[in-house]
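Q: Structure file work-v2.cif, mmCIF, C-alpha atoms, pLDDT in the B column; chains and numbers go by the auth columns, is pasted below:
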data_final
loop_
_atom_site.group_PDB
_atom_site.id
_atom_site.type_symbol
_atom_site.label_atom_id
_atom_site.label_comp_id
_atom_site.label_asym_id
_atom_site.label_seq_id
_atom_site.Cartn_x
_atom_site.Cartn_y
_atom_site.Cartn_z
_atom_site.B_iso_or_equiv
_atom_site.auth_seq_id
_atom_site.auth_asym_id
ATOM 1 C CA MET A 1 5.604 -12.558 9.772 47.00 1 A
ATOM 2 C CA SER A 2 2.795 -12.926 12.252 54.00 2 A
ATOM 3 C CA LYS A 3 3.490 -14.480 15.619 57.00 3 A
ATOM 4 C CA TYR A 4 0.078 -16.159 15.262 54.00 4 A
ATOM 5 C CA THR A 5 0.722 -18.214 12.112 52.00 5 A
ATOM 6 C CA GLU A 6 1.580 -21.438 13.887 47.00 6 A
ATOM 7 C CA ASP A 7 -1.103 -24.146 13.890 48.00 7 A
ATOM 8 C CA GLY A 8 -3.721 -21.898 12.307 72.00 8 A
ATOM 9 C CA LEU A 9 -3.869 -19.617 15.346 75.00 9 A
ATOM 10 C CA GLU A 10 -3.898 -16.553 13.083 82.00 10 A
ATOM 11 C CA ARG A 11 -7.018 -17.816 11.286 84.00 11 A
ATOM 12 C CA VAL A 12 -8.728 -18.488 14.614 88.00 12 A
ATOM 13 C CA ILE A 13 -7.949 -14.986 15.858 90.00 13 A
ATOM 14 C CA ILE A 14 -9.117 -13.436 12.571 90.00 14 A
ATOM 15 C CA SER A 15 -12.318 -15.470 12.687 89.00 15 A
ATOM 16 C CA ARG A 16 -12.970 -14.379 16.273 92.00 16 A
ATOM 17 C CA ALA A 17 -12.236 -10.743 15.383 90.00 17 A
ATOM 18 C CA ALA A 18 -14.666 -10.997 12.442 89.00 18 A
ATOM 19 C CA SER A 19 -17.294 -12.196 14.920 90.00 19 A
ATOM 20 C CA GLY A 20 -16.811 -9.097 17.064 90.00 20 A
ATOM 21 C CA ASP A 21 -14.491 -10.480 19.759 91.00 21 A
ATOM 22 C CA THR A 22 -12.787 -7.313 21.025 92.00 22 A
ATOM 23 C CA GLY A 23 -9.826 -9.222 22.444 93.00 23 A
ATOM 24 C CA ALA A 24 -9.185 -10.791 19.044 92.00 24 A
ATOM 25 C CA MET A 25 -9.636 -7.409 17.369 93.00 25 A
ATOM 26 C CA ARG A 26 -7.032 -5.982 19.727 94.00 26 A
ATOM 27 C CA ALA A 27 -4.665 -8.846 18.856 93.00 27 A
ATOM 28 C CA VAL A 28 -5.101 -8.181 15.115 93.00 28 A
ATOM 29 C CA TYR A 29 -4.542 -4.472 15.666 94.00 29 A
ATOM 30 C CA ASP A 30 -1.466 -5.020 17.833 94.00 30 A
ATOM 31 C CA GLU A 31 0.007 -7.443 15.314 93.00 31 A
ATOM 32 C CA TYR A 32 -0.585 -5.396 12.157 94.00 32 A
ATOM 33 C CA SER A 33 -0.846 -1.715 13.142 94.00 33 A
ATOM 34 C CA GLY A 34 2.824 -1.013 12.410 94.00 34 A
ATOM 35 C CA PHE A 35 2.589 -2.749 9.044 93.00 35 A
ATOM 36 C CA VAL A 36 -0.533 -0.774 8.097 94.00 36 A
ATOM 37 C CA TRP A 37 0.883 2.553 9.321 93.00 37 A
ATOM 38 C CA ASN A 38 4.159 2.094 7.415 88.00 38 A
ATOM 39 C CA LEU A 39 2.285 1.253 4.237 87.00 39 A
ATOM 40 C CA ALA A 40 -0.020 4.255 4.717 87.00 40 A
ATOM 41 C CA LEU A 41 3.030 6.463 5.231 84.00 41 A
ATOM 42 C CA LYS A 42 4.530 5.281 1.944 79.00 42 A
ATOM 43 C CA PHE A 43 1.401 6.335 0.097 76.00 43 A
ATOM 44 C CA THR A 44 0.694 9.586 1.954 76.00 44 A
ATOM 45 C CA GLY A 45 4.142 10.914 2.799 72.00 45 A
ATOM 46 C CA ASP A 46 2.801 12.522 5.964 77.00 46 A
ATOM 47 C CA GLU A 47 2.850 10.948 9.439 86.00 47 A
ATOM 48 C CA THR A 48 -0.378 12.578 10.607 88.00 48 A
ATOM 49 C CA LEU A 49 -2.184 11.675 7.408 86.00 49 A
ATOM 50 C CA ALA A 50 -0.766 8.147 7.665 88.00 50 A
ATOM 51 C CA GLU A 51 -2.203 7.843 11.195 93.00 51 A
ATOM 52 C CA ASP A 52 -5.614 8.974 9.964 92.00 52 A
ATOM 53 C CA ALA A 53 -5.448 6.623 6.988 92.00 53 A
ATOM 54 C CA ALA A 54 -4.355 3.700 9.178 94.00 54 A
ATOM 55 C CA SER A 55 -7.277 4.405 11.509 94.00 55 A
ATOM 56 C CA GLU A 56 -9.596 4.331 8.514 94.00 56 A
ATOM 57 C CA VAL A 57 -8.073 1.006 7.462 95.00 57 A
ATOM 58 C CA PHE A 58 -8.814 -0.571 10.850 95.00 58 A
ATOM 59 C CA VAL A 59 -12.331 0.840 11.062 94.00 59 A
ATOM 60 C CA ARG A 60 -13.112 -0.638 7.646 94.00 60 A
ATOM 61 C CA LEU A 61 -11.119 -3.796 8.317 94.00 61 A
ATOM 62 C CA PHE A 62 -13.167 -4.787 11.334 93.00 62 A
ATOM 63 C CA LYS A 63 -16.361 -4.262 9.347 92.00 63 A
ATOM 64 C CA LYS A 64 -15.101 -6.284 6.373 91.00 64 A
ATOM 65 C CA LEU A 65 -12.974 -8.911 8.110 90.00 65 A
ATOM 66 C CA GLY A 66 -15.582 -11.580 7.440 86.00 66 A
ATOM 67 C CA LYS A 67 -14.811 -11.245 3.714 87.00 67 A
ATOM 68 C CA PHE A 68 -11.352 -12.730 4.209 87.00 68 A
ATOM 69 C CA ARG A 69 -11.643 -16.209 2.706 84.00 69 A
ATOM 70 C CA GLY A 70 -8.122 -17.482 3.255 80.00 70 A
ATOM 71 C CA ARG A 71 -7.280 -17.907 -0.444 80.00 71 A
ATOM 72 C CA SER A 72 -4.088 -15.962 0.256 79.00 72 A
ATOM 73 C CA SER A 73 -2.206 -15.242 3.427 83.00 73 A
ATOM 74 C CA PHE A 74 -3.898 -12.730 5.696 88.00 74 A
ATOM 75 C CA ARG A 75 -0.917 -10.370 5.312 87.00 75 A
ATOM 76 C CA THR A 76 -1.313 -10.386 1.500 84.00 76 A
ATOM 77 C CA TRP A 77 -5.049 -9.748 1.821 88.00 77 A
ATOM 78 C CA LEU A 78 -4.420 -6.997 4.391 91.00 78 A
ATOM 79 C CA TYR A 79 -1.802 -5.410 2.134 88.00 79 A
ATOM 80 C CA ARG A 80 -4.284 -5.172 -0.709 85.00 80 A
ATOM 81 C CA PHE A 81 -7.056 -3.987 1.606 91.00 81 A
ATOM 82 C CA THR A 82 -4.748 -1.328 3.077 91.00 82 A
ATOM 83 C CA VAL A 83 -3.525 -0.068 -0.295 86.00 83 A
ATOM 84 C CA ASN A 84 -7.082 0.253 -1.606 85.00 84 A
ATOM 85 C CA THR A 85 -8.343 1.927 1.561 90.00 85 A
ATOM 86 C CA VAL A 86 -5.437 4.366 1.761 86.00 86 A
ATOM 87 C CA ILE A 87 -5.756 5.329 -1.901 79.00 87 A
ATOM 88 C CA ASN A 88 -9.472 6.004 -1.434 81.00 88 A
ATOM 89 C CA PHE A 89 -8.788 7.890 1.810 84.00 89 A
ATOM 90 C CA VAL A 90 -6.191 10.118 0.128 77.00 90 A
ATOM 91 C CA LYS A 91 -8.514 10.791 -2.813 74.00 91 A
ATOM 92 C CA LYS A 92 -11.226 11.890 -0.363 78.00 92 A
ATOM 93 C CA GLN A 93 -8.788 14.096 1.538 74.00 93 A
ATOM 94 C CA ARG A 94 -7.505 15.671 -1.659 67.00 94 A
ATOM 95 C CA ARG A 95 -11.057 16.447 -2.825 66.00 95 A
ATOM 96 C CA ARG A 96 -11.913 17.990 0.539 65.00 96 A
ATOM 97 C CA ASN A 97 -8.731 19.918 1.184 61.00 97 A
ATOM 98 C CA SER A 98 -6.848 20.099 -2.121 47.00 98 A
ATOM 99 C CA LEU A 99 -4.262 18.067 -0.275 47.00 99 A
ATOM 100 C CA PRO A 100 -0.957 17.712 -2.134 48.00 100 A
ATOM 101 C CA LEU A 101 0.482 14.227 -1.898 47.00 101 A
ATOM 102 C CA LYS A 102 4.075 14.158 -0.744 49.00 102 A
ATOM 103 C CA GLU A 103 5.531 11.974 -3.453 45.00 103 A
ATOM 104 C CA SER A 104 8.911 11.700 -1.712 42.00 104 A
ATOM 105 C CA ALA A 105 7.315 9.136 0.580 48.00 105 A
ATOM 106 C CA TYR A 106 7.294 6.677 -2.306 48.00 106 A
ATOM 107 C CA LEU A 107 11.045 6.364 -2.200 45.00 107 A
ATOM 108 C CA PRO A 108 12.870 4.343 0.436 48.00 108 A
ATOM 109 C CA GLU A 109 15.505 6.400 2.268 49.00 109 A
ATOM 110 C CA GLU A 110 18.331 3.961 1.627 48.00 110 A
ATOM 111 C CA ASP A 111 17.764 4.134 -2.147 47.00 111 A
ATOM 112 C CA ALA A 112 17.109 7.836 -2.303 46.00 112 A
ATOM 113 C CA GLY A 113 20.401 9.005 -3.808 55.00 113 A
ATOM 114 C CA THR A 114 21.052 12.707 -3.637 65.00 114 A
ATOM 115 C CA LEU A 115 18.328 15.062 -2.495 65.00 115 A
ATOM 116 C CA GLU A 116 18.042 16.376 -6.045 72.00 116 A
ATOM 117 C CA GLU A 117 17.599 12.854 -7.465 71.00 117 A
ATOM 118 C CA ARG A 118 15.067 12.050 -4.771 65.00 118 A
ATOM 119 C CA ASP A 119 13.052 15.193 -5.515 71.00 119 A
ATOM 120 C CA LEU A 120 13.069 14.464 -9.251 76.00 120 A
ATOM 121 C CA ALA A 121 11.948 10.874 -8.695 74.00 121 A
ATOM 122 C CA ALA A 122 9.206 12.082 -6.350 72.00 122 A
ATOM 123 C CA ARG A 123 7.956 14.615 -8.895 76.00 123 A
ATOM 124 C CA LEU A 124 7.964 11.996 -11.648 81.00 124 A
ATOM 125 C CA LEU A 125 6.041 9.476 -9.547 77.00 125 A
ATOM 126 C CA GLY A 126 3.582 12.208 -8.629 75.00 126 A
ATOM 127 C CA GLU A 127 2.805 12.680 -12.318 80.00 127 A
ATOM 128 C CA LEU A 128 1.767 9.046 -12.781 78.00 128 A
ATOM 129 C CA GLY A 129 -1.764 7.788 -12.361 74.00 129 A
ATOM 130 C CA GLY A 130 -2.656 5.964 -9.154 73.00 130 A
ATOM 131 C CA GLU A 131 -2.412 2.456 -10.610 78.00 131 A
ATOM 132 C CA GLU A 132 0.886 3.176 -12.374 84.00 132 A
ATOM 133 C CA ARG A 133 2.333 4.731 -9.227 82.00 133 A
ATOM 134 C CA MET A 134 1.074 1.900 -7.027 81.00 134 A
ATOM 135 C CA ILE A 135 2.521 -0.902 -9.142 86.00 135 A
ATOM 136 C CA LEU A 136 5.912 0.806 -9.312 86.00 136 A
ATOM 137 C CA ILE A 137 5.901 1.374 -5.565 82.00 137 A
ATOM 138 C CA LEU A 138 5.082 -2.270 -4.939 83.00 138 A
ATOM 139 C CA ARG A 139 7.874 -3.423 -7.255 86.00 139 A
ATOM 140 C CA GLU A 140 10.593 -0.837 -6.751 82.00 140 A
ATOM 141 C CA ALA A 141 10.069 0.620 -3.275 77.00 141 A
ATOM 142 C CA GLU A 142 8.564 -2.428 -1.564 77.00 142 A
ATOM 143 C CA GLY A 143 10.717 -4.911 -3.515 82.00 143 A
ATOM 144 C CA MET A 144 7.818 -7.306 -4.081 82.00 144 A
ATOM 145 C CA SER A 145 8.110 -10.127 -6.589 89.00 145 A
ATOM 146 C CA TYR A 146 5.774 -10.344 -9.564 92.00 146 A
ATOM 147 C CA SER A 147 3.840 -13.144 -7.884 88.00 147 A
ATOM 148 C CA GLU A 148 3.502 -11.169 -4.634 83.00 148 A
ATOM 149 C CA ILE A 149 2.187 -8.171 -6.562 86.00 149 A
ATOM 150 C CA ALA A 150 -0.222 -10.451 -8.416 85.00 150 A
ATOM 151 C CA GLY A 151 -1.532 -11.689 -5.067 79.00 151 A
ATOM 152 C CA VAL A 152 -1.938 -8.177 -3.678 78.00 152 A
ATOM 153 C CA LEU A 153 -3.704 -6.852 -6.775 79.00 153 A
ATOM 154 C CA GLY A 154 -5.688 -10.006 -7.519 78.00 154 A
ATOM 155 C CA ILE A 155 -4.358 -10.334 -11.072 86.00 155 A
ATOM 156 C CA LYS A 156 -2.161 -12.813 -12.941 93.00 156 A
ATOM 157 C CA VAL A 157 1.637 -12.523 -13.143 94.00 157 A
ATOM 158 C CA PRO A 158 1.682 -11.707 -16.897 95.00 158 A
ATOM 159 C CA ALA A 159 -0.697 -8.807 -16.208 95.00 159 A
ATOM 160 C CA VAL A 160 1.653 -7.571 -13.476 94.00 160 A
ATOM 161 C CA LYS A 161 4.605 -7.653 -15.866 95.00 161 A
ATOM 162 C CA SER A 162 2.620 -5.829 -18.511 95.00 162 A
ATOM 163 C CA ARG A 163 1.445 -3.138 -16.098 93.00 163 A
ATOM 164 C CA ILE A 164 4.945 -2.615 -14.723 94.00 164 A
ATOM 165 C CA TYR A 165 6.292 -2.289 -18.256 95.00 165 A
ATOM 166 C CA ARG A 166 3.597 0.263 -19.175 94.00 166 A
ATOM 167 C CA ALA A 167 4.180 2.190 -15.937 92.00 167 A
ATOM 168 C CA ARG A 168 7.925 2.318 -16.619 92.00 168 A
ATOM 169 C CA MET A 169 7.299 3.523 -20.168 92.00 169 A
ATOM 170 C CA ARG A 170 4.946 6.204 -18.852 92.00 170 A
ATOM 171 C CA LEU A 171 7.552 7.191 -16.270 89.00 171 A
ATOM 172 C CA ARG A 172 10.104 7.536 -19.067 90.00 172 A
ATOM 173 C CA GLU A 173 7.680 9.764 -21.037 90.00 173 A
ATOM 174 C CA VAL A 174 7.130 11.951 -17.988 88.00 174 A
ATOM 175 C CA TYR A 175 10.882 12.146 -17.398 87.00 175 A
ATOM 176 C CA GLU A 176 11.538 13.183 -20.982 86.00 176 A
ATOM 177 C CA THR A 177 8.859 15.868 -20.743 86.00 177 A
ATOM 178 C CA VAL A 178 10.154 17.210 -17.424 78.00 178 A
ATOM 179 C CA GLU A 179 13.791 17.140 -18.494 72.00 179 A
ATOM 180 C CA GLY A 180 13.049 18.493 -21.993 66.00 180 A
ATOM 181 C CA ILE A 181 14.752 15.558 -23.727 53.00 181 A
#
Any chance you could give the structure as structure tokens?
A:
Amino acid sequence: MSKYTEDGLERVIISRAASGDTGAMRAVYDEYSGFVWNLALKFTGDETLAEDAASEVFVRLFKKLGKFRGRSSFRTWLYRFTVNTVINFVKKQRRRNSLPLKESAYLPEEDAGTLEERDLAARLLGELGGEERMILILREAEGMSYSEIAGVLGIKVPAVKSRIYRARMRLREVYETVEGI
């Protein structure tokens, strides 16, 4: 939760940052850099790559900040912006460098189970498409509610439920193929 949410202060700071106020930009960065980096790390699985991706997020964020309309909380908007930017960043990196994504980053440490289970889950998630993987990460790893996911992705709750169901079914198919069931 932002320390700036009281009395609309967050909106004022965001508005000033969108206008180019470097002090306000610094405040936005200081407030959200950890959040953005942690999210980038979940999607990249590599600390250095996460730093580069988070930098890309902030470069783009300060150019696009004026597009924030306040229809959702800034954190929800930033979450969606970060996810989209990081996914695009990783795609670019993979095209340039044939970069393998470390799928184990998708799994929270406390829920990892044995190393063997964690590796299997990472391999399975790595086999899913980007949207399938993302929606499962948001639900299972991030623990977001259906309505929170709907806000992040800009879709309705029934669509979220449907996509999660399809992603789980696809995950099951991948599991059965990998395990030879």
Q: Which value, in Å to one decimal, gives the distance between CA of Asn84 (chain A) and CA of Pro158 (chain A)?
A: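 Between these atoms lies a distance of 21.3 Å.
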Q: Can you work out the spacing between CA of Arg60 (chain A) and CA of Arg11 (chain A) in Å, to one decimal?
A: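 Distance between the two atoms: 18.6 Å.
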Q: Just give me the gap between CA of Gly20 (chain A) and CA of Arg69 (chain A) in Å, one decimal is fine.
A: 16.8 Å
Q: Take the point (3.3, 6.4, -13.6) in the file's coordinates, draw a sphere of radius 7 Å around it, and report as a list in words every protein, DNA or RNA residue with an atom inside or on it, counting all atoms listed in the file.
A: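 The residues near that point, listed by chain and number, are Leu125, Glu127, Leu128, Gly129, Glu132, Arg133, Ala167, Arg168, Arg170 and Leu171 of chain A.
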Q: Expanded to explicit residues, what is the PyMOL selection byres ((chain A and resi 32-40) around 10) for this file, as a PyMOL selection string?
A: chain A and resi 1-2+26-31+41-47+49-55+57-58+75+78-79+81-83+85-87+89-90+105-106+142
Q: Which is closer to Ile149 (chain A) than all the others in A:Asn88, A:Thr22, A:Thr177, A:Thr76, using all atoms listed in the file?
A: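 Residue with the minimum atom-to-atom distance to Ile149 (chain A): A:Thr76.
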Q: Enclose all atoms of region 30-37 of chain A listed in the file in an axis-aligned box, grow every side by 8 Å, and hand back centre and edge lengths in Å to one decimal, as AutoDock Vina command-line options.
A:
--center_x 0.7 --center_y -2.4 --center_z 13.0 --size_x 20.3 --size_y 26.0 --size_z 25.7
